[in-house]
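Next comes input-v8.pdb, a file with PDB, C-alpha atoms.
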ATOM      1  CA  MET A   1       3.237 -16.557 -11.687  1.00  0.00           C
ATOM      2  CA  THR A   2       2.791 -17.240  -7.995  1.00  0.00           C
ATOM      3  CA  LYS A   3       1.307 -14.872  -5.473  1.00  0.00           C
ATOM      4  CA  ARG A   4       3.511 -14.359  -2.470  1.00  0.00           C
ATOM      5  CA  PRO A   5       1.831 -13.272   0.779  1.00  0.00           C
ATOM      6  CA  ILE A   6       3.495 -10.742   3.053  1.00  0.00           C
ATOM      7  CA  LEU A   7       2.929 -12.050   6.541  1.00  0.00           C
ATOM      8  CA  LEU A   8       2.569  -9.059   8.828  1.00  0.00           C
ATOM      9  CA  GLY A   9       3.510 -11.057  11.895  1.00  0.00           C
ATOM     10  CA  THR A  10       7.007 -11.690  10.559  1.00  0.00           C
ATOM     11  CA  LEU A  11       7.899  -8.124   9.680  1.00  0.00           C
ATOM     12  CA  ILE A  12      10.727  -6.339  11.465  1.00  0.00           C
ATOM     13  CA  ALA A  13       9.309  -3.772  13.873  1.00  0.00           C
ATOM     14  CA  LEU A  14       9.225  -0.246  12.451  1.00  0.00           C
ATOM     15  CA  SER A  15       9.947   2.522  14.920  1.00  0.00           C
ATOM     16  CA  LEU A  16       8.986   6.137  14.258  1.00  0.00           C
ATOM     17  CA  VAL A  17      11.953   8.358  15.127  1.00  0.00           C
ATOM     18  CA  THR A  18      11.720  12.124  14.605  1.00  0.00           C
ATOM     19  CA  ALA A  19      14.483  14.525  13.651  1.00  0.00           C
ATOM     20  CA  LEU A  20      15.044  17.770  15.548  1.00  0.00           C
ATOM     21  CA  VAL A  21      15.131  20.099  12.544  1.00  0.00           C
ATOM     22  CA  ALA A  22      13.064  20.258   9.359  1.00  0.00           C
ATOM     23  CA  PRO A  23      13.646  22.479   6.315  1.00  0.00           C
ATOM     24  CA  ALA A  24      12.266  25.979   6.667  1.00  0.00           C
ATOM     25  CA  SER A  25      10.566  25.692   3.251  1.00  0.00           C
ATOM     26  CA  ALA A  26       8.371  22.931   4.664  1.00  0.00           C
ATOM     27  CA  ALA A  27       7.793  24.466   8.072  1.00  0.00           C
ATOM     28  CA  HIS A  28       4.033  24.021   8.106  1.00  0.00           C
ATOM     29  CA  ALA A  29       3.946  20.492   6.736  1.00  0.00           C
ATOM     30  CA  SER A  30       6.913  19.302   8.822  1.00  0.00           C
ATOM     31  CA  SER A  31       5.129  20.110  12.070  1.00  0.00           C
ATOM     32  CA  ALA A  32       2.713  17.518  13.411  1.00  0.00           C
ATOM     33  CA  ASN A  33      -0.349  17.955  11.208  1.00  0.00           C
ATOM     34  CA  VAL A  34      -3.183  15.482  10.696  1.00  0.00           C
ATOM     35  CA  TYR A  35      -5.676  15.845   7.843  1.00  0.00           C
ATOM     36  CA  ARG A  36      -8.767  13.655   8.212  1.00  0.00           C
ATOM     37  CA  GLY A  37     -11.161  13.313   5.338  1.00  0.00           C
ATOM     38  CA  ARG A  38     -12.536  10.951   2.708  1.00  0.00           C
ATOM     39  CA  ALA A  39     -10.958   9.098  -0.187  1.00  0.00           C
ATOM     40  CA  THR A  40     -12.511   7.785  -3.374  1.00  0.00           C
ATOM     41  CA  VAL A  41     -10.750   4.649  -4.594  1.00  0.00           C
ATOM     42  CA  THR A  42     -10.988   3.415  -8.179  1.00  0.00           C
ATOM     43  CA  LEU A  43      -9.627  -0.125  -8.310  1.00  0.00           C
ATOM     44  CA  GLU A  44      -8.886  -2.580 -11.100  1.00  0.00           C
ATOM     45  CA  SER A  45      -8.066  -6.229 -10.356  1.00  0.00           C
ATOM     46  CA  TYR A  46      -6.133  -8.631 -12.587  1.00  0.00           C
ATOM     47  CA  ASP A  47      -5.024 -12.239 -12.719  1.00  0.00           C
ATOM     48  CA  TYR A  48      -2.730 -14.307 -14.936  1.00  0.00           C
ATOM     49  CA  CYS A  49      -5.328 -16.783 -16.140  1.00  0.00           C
ATOM     50  CA  GLY A  50      -5.647 -15.496 -19.670  1.00  0.00           C
ATOM     51  CA  SER A  51      -4.560 -17.307 -22.795  1.00  0.00           C
ATOM     52  CA  GLY A  52      -1.077 -18.724 -22.268  1.00  0.00           C
ATOM     53  CA  GLY A  53      -1.019 -17.453 -18.702  1.00  0.00           C
ATOM     54  CA  GLY A  54      -1.458 -13.854 -19.788  1.00  0.00           C
ATOM     55  CA  ARG A  55      -2.570 -11.015 -17.538  1.00  0.00           C
ATOM     56  CA  ARG A  56      -6.262 -10.170 -17.793  1.00  0.00           C
ATOM     57  CA  LEU A  57      -8.632  -7.682 -16.218  1.00  0.00           C
ATOM     58  CA  THR A  58     -11.033  -9.378 -13.793  1.00  0.00           C
ATOM     59  CA  GLY A  59     -12.948  -6.451 -12.344  1.00  0.00           C
ATOM     60  CA  ARG A  60     -13.365  -2.731 -11.722  1.00  0.00           C
ATOM     61  CA  THR A  61     -14.832  -1.151  -8.646  1.00  0.00           C
ATOM     62  CA  SER A  62     -15.071   2.218  -6.938  1.00  0.00           C
ATOM     63  CA  TYR A  63     -15.681   2.977  -3.280  1.00  0.00           C
ATOM     64  CA  ARG A  64     -15.345   5.730  -0.686  1.00  0.00           C
ATOM     65  CA  SER A  65     -13.648   5.414   2.665  1.00  0.00           C
ATOM     66  CA  ALA A  66     -12.445   7.440   5.611  1.00  0.00           C
ATOM     67  CA  ALA A  67      -8.794   8.423   5.158  1.00  0.00           C
ATOM     68  CA  GLN A  68      -6.025  10.323   6.911  1.00  0.00           C
ATOM     69  CA  PHE A  69      -2.840  12.080   5.796  1.00  0.00           C
ATOM     70  CA  SER A  70      -0.352  13.206   8.448  1.00  0.00           C
ATOM     71  CA  THR A  71       3.009  14.967   8.426  1.00  0.00           C
ATOM     72  CA  GLY A  72       5.822  15.480  10.907  1.00  0.00           C
ATOM     73  CA  PRO A  73       9.562  16.078  11.283  1.00  0.00           C
ATOM     74  CA  ARG A  74      11.795  13.867   9.148  1.00  0.00           C
ATOM     75  CA  LYS A  75      12.891  10.519  10.565  1.00  0.00           C
ATOM     76  CA  THR A  76      16.543  10.023  11.407  1.00  0.00           C
ATOM     77  CA  TYR A  77      18.698   7.163  12.626  1.00  0.00           C
ATOM     78  CA  GLY A  78      22.422   6.534  12.945  1.00  0.00           C
ATOM     79  CA  GLY A  79      23.332   9.901  11.470  1.00  0.00           C
ATOM     80  CA  TYR A  80      21.066   9.437   8.433  1.00  0.00           C
ATOM     81  CA  VAL A  81      17.988  11.547   7.689  1.00  0.00           C
ATOM     82  CA  GLU A  82      15.157  10.551   5.376  1.00  0.00           C
ATOM     83  CA  ARG A  83      15.305  12.192   1.954  1.00  0.00           C
ATOM     84  CA  ASN A  84      11.917  13.900   2.132  1.00  0.00           C
ATOM     85  CA  PRO A  85      11.135  17.476   3.233  1.00  0.00           C
ATOM     86  CA  PHE A  86       9.088  15.945   6.073  1.00  0.00           C
ATOM     87  CA  THR A  87       7.897  12.498   7.089  1.00  0.00           C
ATOM     88  CA  TRP A  88       4.367  11.600   6.039  1.00  0.00           C
ATOM     89  CA  LEU A  89       1.801   8.827   6.419  1.00  0.00           C
ATOM     90  CA  PHE A  90      -1.327   8.119   4.388  1.00  0.00           C
ATOM     91  CA  TYR A  91      -3.994   5.693   5.586  1.00  0.00           C
ATOM     92  CA  VAL A  92      -7.160   4.760   3.694  1.00  0.00           C
ATOM     93  CA  GLY A  93      -9.847   2.696   5.419  1.00  0.00           C
ATOM     94  CA  ASN A  94      -9.403   0.457   8.445  1.00  0.00           C
ATOM     95  CA  ILE A  95      -5.875  -0.876   8.020  1.00  0.00           C
ATOM     96  CA  GLY A  96      -5.957  -4.617   7.422  1.00  0.00           C
ATOM     97  CA  ALA A  97      -9.491  -4.610   6.043  1.00  0.00           C
ATOM     98  CA  THR A  98      -9.996  -5.480   2.380  1.00  0.00           C
ATOM     99  CA  GLY A  99      -9.604  -2.354   0.256  1.00  0.00           C
ATOM    100  CA  SER A 100      -7.437  -0.419   2.729  1.00  0.00           C
ATOM    101  CA  PHE A 101      -4.058   1.224   2.098  1.00  0.00           C
ATOM    102  CA  GLN A 102      -1.098   1.870   4.403  1.00  0.00           C
ATOM    103  CA  VAL A 103       1.506   4.264   2.992  1.00  0.00           C
ATOM    104  CA  GLY A 104       4.535   5.946   4.574  1.00  0.00           C
ATOM    105  CA  SER A 105       7.555   7.935   3.410  1.00  0.00           C
ATOM    106  CA  ALA A 106      10.218   6.298   5.613  1.00  0.00           C
ATOM    107  CA  ALA A 107      10.691   4.188   8.735  1.00  0.00           C
ATOM    108  CA  VAL A 108      13.336   2.943  11.131  1.00  0.00           C
ATOM    109  CA  ALA A 109      13.571  -0.858  11.320  1.00  0.00           C
ATOM    110  CA  LYS A 110      14.658  -2.360  14.660  1.00  0.00           C
ATOM    111  CA  PRO A 111      16.395  -4.750  14.698  1.00  0.00           C
ATOM    112  CA  PRO A 112      18.886  -4.417  13.069  1.00  0.00           C
ATOM    113  CA  GLY A 113      18.497  -0.639  13.228  1.00  0.00           C
ATOM    114  CA  VAL A 114      18.417   1.016   9.826  1.00  0.00           C
ATOM    115  CA  LEU A 115      16.650   3.978   8.258  1.00  0.00           C
ATOM    116  CA  LEU A 116      14.551   2.863   5.284  1.00  0.00           C
ATOM    117  CA  ASN A 117      13.501   5.389   2.653  1.00  0.00           C
ATOM    118  CA  TYR A 118      10.448   4.344   0.658  1.00  0.00           C
ATOM    119  CA  TRP A 119       9.506   7.554  -1.142  1.00  0.00           C
ATOM    120  CA  THR A 120      11.212  10.615  -2.561  1.00  0.00           C
ATOM    121  CA  SER A 121       8.941  13.642  -2.324  1.00  0.00           C
ATOM    122  CA  SER A 122       9.053  17.415  -2.608  1.00  0.00           C
ATOM    123  CA  TYR A 123       7.067  20.304  -1.195  1.00  0.00           C
ATOM    124  CA  SER A 124       7.000  23.935  -2.313  1.00  0.00           C
ATOM    125  CA  SER A 125       4.414  26.678  -1.800  1.00  0.00           C
ATOM    126  CA  GLY A 126       1.778  24.158  -0.775  1.00  0.00           C
ATOM    127  CA  ARG A 127       2.395  21.827  -3.721  1.00  0.00           C
ATOM    128  CA  PHE A 128       3.340  18.252  -2.795  1.00  0.00           C
ATOM    129  CA  THR A 129       4.573  15.458  -5.093  1.00  0.00           C
ATOM    130  CA  GLY A 130       6.123  12.065  -4.391  1.00  0.00           C
ATOM    131  CA  ARG A 131       7.245   8.825  -6.022  1.00  0.00           C
ATOM    132  CA  LEU A 132       7.619   5.400  -4.396  1.00  0.00           C
ATOM    133  CA  VAL A 133      11.172   4.267  -5.142  1.00  0.00           C
ATOM    134  CA  ALA A 134      11.630   1.139  -2.974  1.00  0.00           C
ATOM    135  CA  SER A 135       9.368  -1.379  -1.244  1.00  0.00           C
ATOM    136  CA  HIS A 136      12.184  -2.982   0.814  1.00  0.00           C
ATOM    137  CA  SER A 137      10.301  -6.270   0.578  1.00  0.00           C
ATOM    138  CA  ASP A 138      13.688  -7.979   0.222  1.00  0.00           C
ATOM    139  CA  LYS A 139      14.403  -6.892   3.811  1.00  0.00           C
ATOM    140  CA  ALA A 140      11.020  -8.134   5.096  1.00  0.00           C
ATOM    141  CA  THR A 141      10.140  -4.534   5.964  1.00  0.00           C
ATOM    142  CA  THR A 142       7.406  -3.766   3.452  1.00  0.00           C
ATOM    143  CA  TYR A 143       5.285  -0.912   4.802  1.00  0.00           C
ATOM    144  CA  ASN A 144       3.559   0.544   1.732  1.00  0.00           C
ATOM    145  CA  THR A 145       0.780  -1.961   1.182  1.00  0.00           C
ATOM    146  CA  PHE A 146      -2.698  -2.608  -0.180  1.00  0.00           C
ATOM    147  CA  PHE A 147      -4.954  -5.144   1.521  1.00  0.00           C
ATOM    148  CA  GLY A 148      -6.806  -7.131  -1.130  1.00  0.00           C
ATOM    149  CA  GLN A 149      -8.002 -10.641  -1.923  1.00  0.00           C
ATOM    150  CA  GLN A 150      -6.631 -13.554  -3.928  1.00  0.00           C
ATOM    151  CA  ASP A 151      -8.241 -16.703  -5.280  1.00  0.00           C
ATOM    152  CA  LEU A 152      -8.150 -19.608  -2.864  1.00  0.00           C
ATOM    153  CA  ILE A 153      -7.091 -21.715  -5.854  1.00  0.00           C
ATOM    154  CA  PRO A 154      -5.425 -19.782  -8.709  1.00  0.00           C
ATOM    155  CA  CYS A 155      -7.714 -19.283 -11.718  1.00  0.00           C
ATOM    156  CA  ARG A 156     -10.684 -20.803  -9.859  1.00  0.00           C
ATOM    157  CA  SER A 157     -12.411 -17.666  -8.605  1.00  0.00           C
ATOM    158  CA  GLY A 158     -15.667 -19.511  -8.082  1.00  0.00           C
ATOM    159  CA  LEU A 159     -14.093 -21.452  -5.205  1.00  0.00           C
ATOM    160  CA  GLY A 160     -13.641 -18.378  -3.020  1.00  0.00           C
ATOM    161  CA  THR A 161     -10.935 -15.916  -2.023  1.00  0.00           C
ATOM    162  CA  ILE A 162      -8.651 -15.231   0.936  1.00  0.00           C
ATOM    163  CA  PRO A 163      -7.204 -11.940   2.280  1.00  0.00           C
ATOM    164  CA  MET A 164      -3.798 -11.000   0.914  1.00  0.00           C
ATOM    165  CA  THR A 165      -1.387  -8.147   1.598  1.00  0.00           C
ATOM    166  CA  TYR A 166       0.258  -6.692  -1.514  1.00  0.00           C
ATOM    167  CA  ALA A 167       3.301  -4.396  -1.638  1.00  0.00           C
ATOM    168  CA  LEU A 168       2.798  -1.219  -3.643  1.00  0.00           C
ATOM    169  CA  GLN A 169       4.822  -1.120  -6.836  1.00  0.00           C
ATOM    170  CA  ALA A 170       7.807   1.200  -7.230  1.00  0.00           C
ATOM    171  CA  GLY A 171       6.743   4.082  -9.444  1.00  0.00           C
ATOM    172  CA  THR A 172       3.476   4.685  -7.575  1.00  0.00           C
ATOM    173  CA  ARG A 173       2.944   8.455  -7.361  1.00  0.00           C
ATOM    174  CA  ILE A 174       1.181  10.947  -5.123  1.00  0.00           C
ATOM    175  CA  SER A 175       0.561  14.641  -5.775  1.00  0.00           C
ATOM    176  CA  GLY A 176      -1.617  17.520  -4.692  1.00  0.00           C
ATOM    177  CA  THR A 177      -1.735  20.360  -2.197  1.00  0.00           C
ATOM    178  CA  ILE A 178      -1.131  20.539   1.553  1.00  0.00           C
ATOM    179  CA  GLY A 179      -1.697  23.636   3.656  1.00  0.00           C
ATOM    180  CA  SER A 180      -3.514  25.292   6.492  1.00  0.00           C
ATOM    181  CA  GLY A 181      -6.735  25.005   4.500  1.00  0.00           C
ATOM    182  CA  GLY A 182      -6.539  21.219   4.207  1.00  0.00           C
ATOM    183  CA  ALA A 183      -5.095  18.549   1.945  1.00  0.00           C
ATOM    184  CA  HIS A 184      -6.129  17.405  -1.525  1.00  0.00           C
ATOM    185  CA  LEU A 185      -4.109  14.501  -2.916  1.00  0.00           C
ATOM    186  CA  THR A 186      -4.230  11.908  -5.672  1.00  0.00           C
ATOM    187  CA  MET A 187      -2.277   8.635  -5.525  1.00  0.00           C
ATOM    188  CA  THR A 188      -1.989   6.408  -8.607  1.00  0.00           C
ATOM    189  CA  GLY A 189      -0.111   3.164  -9.156  1.00  0.00           C
ATOM    190  CA  GLY A 190      -0.325  -0.566  -8.720  1.00  0.00           C
ATOM    191  CA  THR A 191       0.817  -3.499  -6.647  1.00  0.00           C
ATOM    192  CA  ASN A 192       3.812  -5.744  -7.155  1.00  0.00           C
ATOM    193  CA  GLU A 193       3.245  -8.504  -9.728  1.00  0.00           C
ATOM    194  CA  GLY A 194       0.430  -6.475 -11.286  1.00  0.00           C
ATOM    195  CA  PHE A 195      -2.610  -7.857  -9.479  1.00  0.00           C
ATOM    196  CA  TYR A 196      -4.132  -4.429  -8.738  1.00  0.00           C
ATOM    197  CA  ALA A 197      -4.068  -0.939 -10.241  1.00  0.00           C
ATOM    198  CA  PHE A 198      -5.567   1.993  -8.351  1.00  0.00           C
ATOM    199  CA  ARG A 199      -6.367   5.680  -8.222  1.00  0.00           C
ATOM    200  CA  VAL A 200      -7.039   7.221  -4.805  1.00  0.00           C
ATOM    201  CA  VAL A 201      -8.422  10.769  -4.555  1.00  0.00           C
ATOM    202  CA  PHE A 202      -8.269  12.225  -1.040  1.00  0.00           C
ATOM    203  CA  SER A 203      -9.769  15.436   0.291  1.00  0.00           C
ATOM    204  CA  ALA A 204      -9.685  16.856   3.826  1.00  0.00           C
TER     205      ALA A 204
END
Can the structure in the file be given as structure tokens, please?
Amino acid sequence: MTKRPILLGTLIALSLVTALVAPASAAHASSANVYRGRATVTLESYDYCGSGGGRRLTGRTSYRSAAQFSTGPRKTYGGYVERNPFTWLFYVGNIGATGSFQVGSAAVAKPPGVLLNYWTSSYSSGRFTGRLVASHSDKATTYNTFFGQQDLIPCRSGLGTIPMTYALQAGTRISGTIGSGGAHLTMTGGTNEGFYAFRVVFSA
């Protein structure tokens, strides 16, 4: 299996466009709120260098990092509105640095001008849940990403590594609580092609 880099410089520009009205049930979260705190990341790394090219565990690590979860009115474009109760963004670490995450519910890609839904999520009485349903990597508009490392030469880890951007795998989930008292969220999942699995626990 080959590892395919996502070159950030070639991505279609993503524009943040806000809708005028958000559902009343999500009134607090749909307003512009920013929750700054810390995240604990538990990370497993894998390769395909096992017997017969099988997937194998190559390491486990845990680390803490600054993180931020923000909400706002739903994005809209061309008469379409994102399918979440509000738009949301989740950043862990310094974006682009090894071990960081960049996660977002939806975006508007220009050009050609299209609303892209990445997540379906729900919010009720402070309880928030979501599931990543599409990476849109086929449109060169991957936004939900993990910044990791890959072997410079496959299966030769002793020869060094290089930075690599990995799309988060569909099925990744996030859940927890959001309210005036703060945000407490857990995100679990993996990256496309199975090179990383993760659990991120955020508190603000």
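Taking atom CA of A:Ser157 and atom CA of A:Tyr196 as endpoints, the distance between them is 15.6 Å.
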*If you count all atoms listed in the file, which residues fall within 12 Å of stretch 35-41 of chain A, apart from same-chain ones fewer than 6 positions away, as a ChimeraX atom specification?*
/A:29,60-72,88-93,99-101,146,177-189,196-204
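Across the model, the gap from atom CA of A:Leu57 to atom CA of A:Asn94 is 26.0 Å.
Using all atoms listed in the file, the contacts of A:Gly79 at a cut-off of 12 Å, with sequence neighbours closer than 4 positions omitted, comprise Ala19, Lys75, Gly113, Val114 and Leu115 of chain A.
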*Pick out the closest residue to A:Thr161 from this set: A:Ser135, A:Tyr48, A:Arg56, A:Thr98. Count all atoms listed in the file.*
A:Thr98
*Any idea what's packed within 10 Å of A:Cys155, counting all atoms listed in the file, ignoring anything in its chain fewer than 4 positions away? Could you give it as a PyMOL selection string?*
chain A and resi 47-50+53+150-151+159
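If you look at atom CA of A:Thr142 and atom CA of A:Gly96, they are 14.0 Å away from each other.
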_To test your reading of the syntax: which residues would the PyMOL selection byres ((chain A and resi 130-133) around 12) return for the file shown? Reply as number ranges by chain._
A: 83-88, 103-106, 116-123, 127-129, 134-136, 143-145, 167-177, 185-191
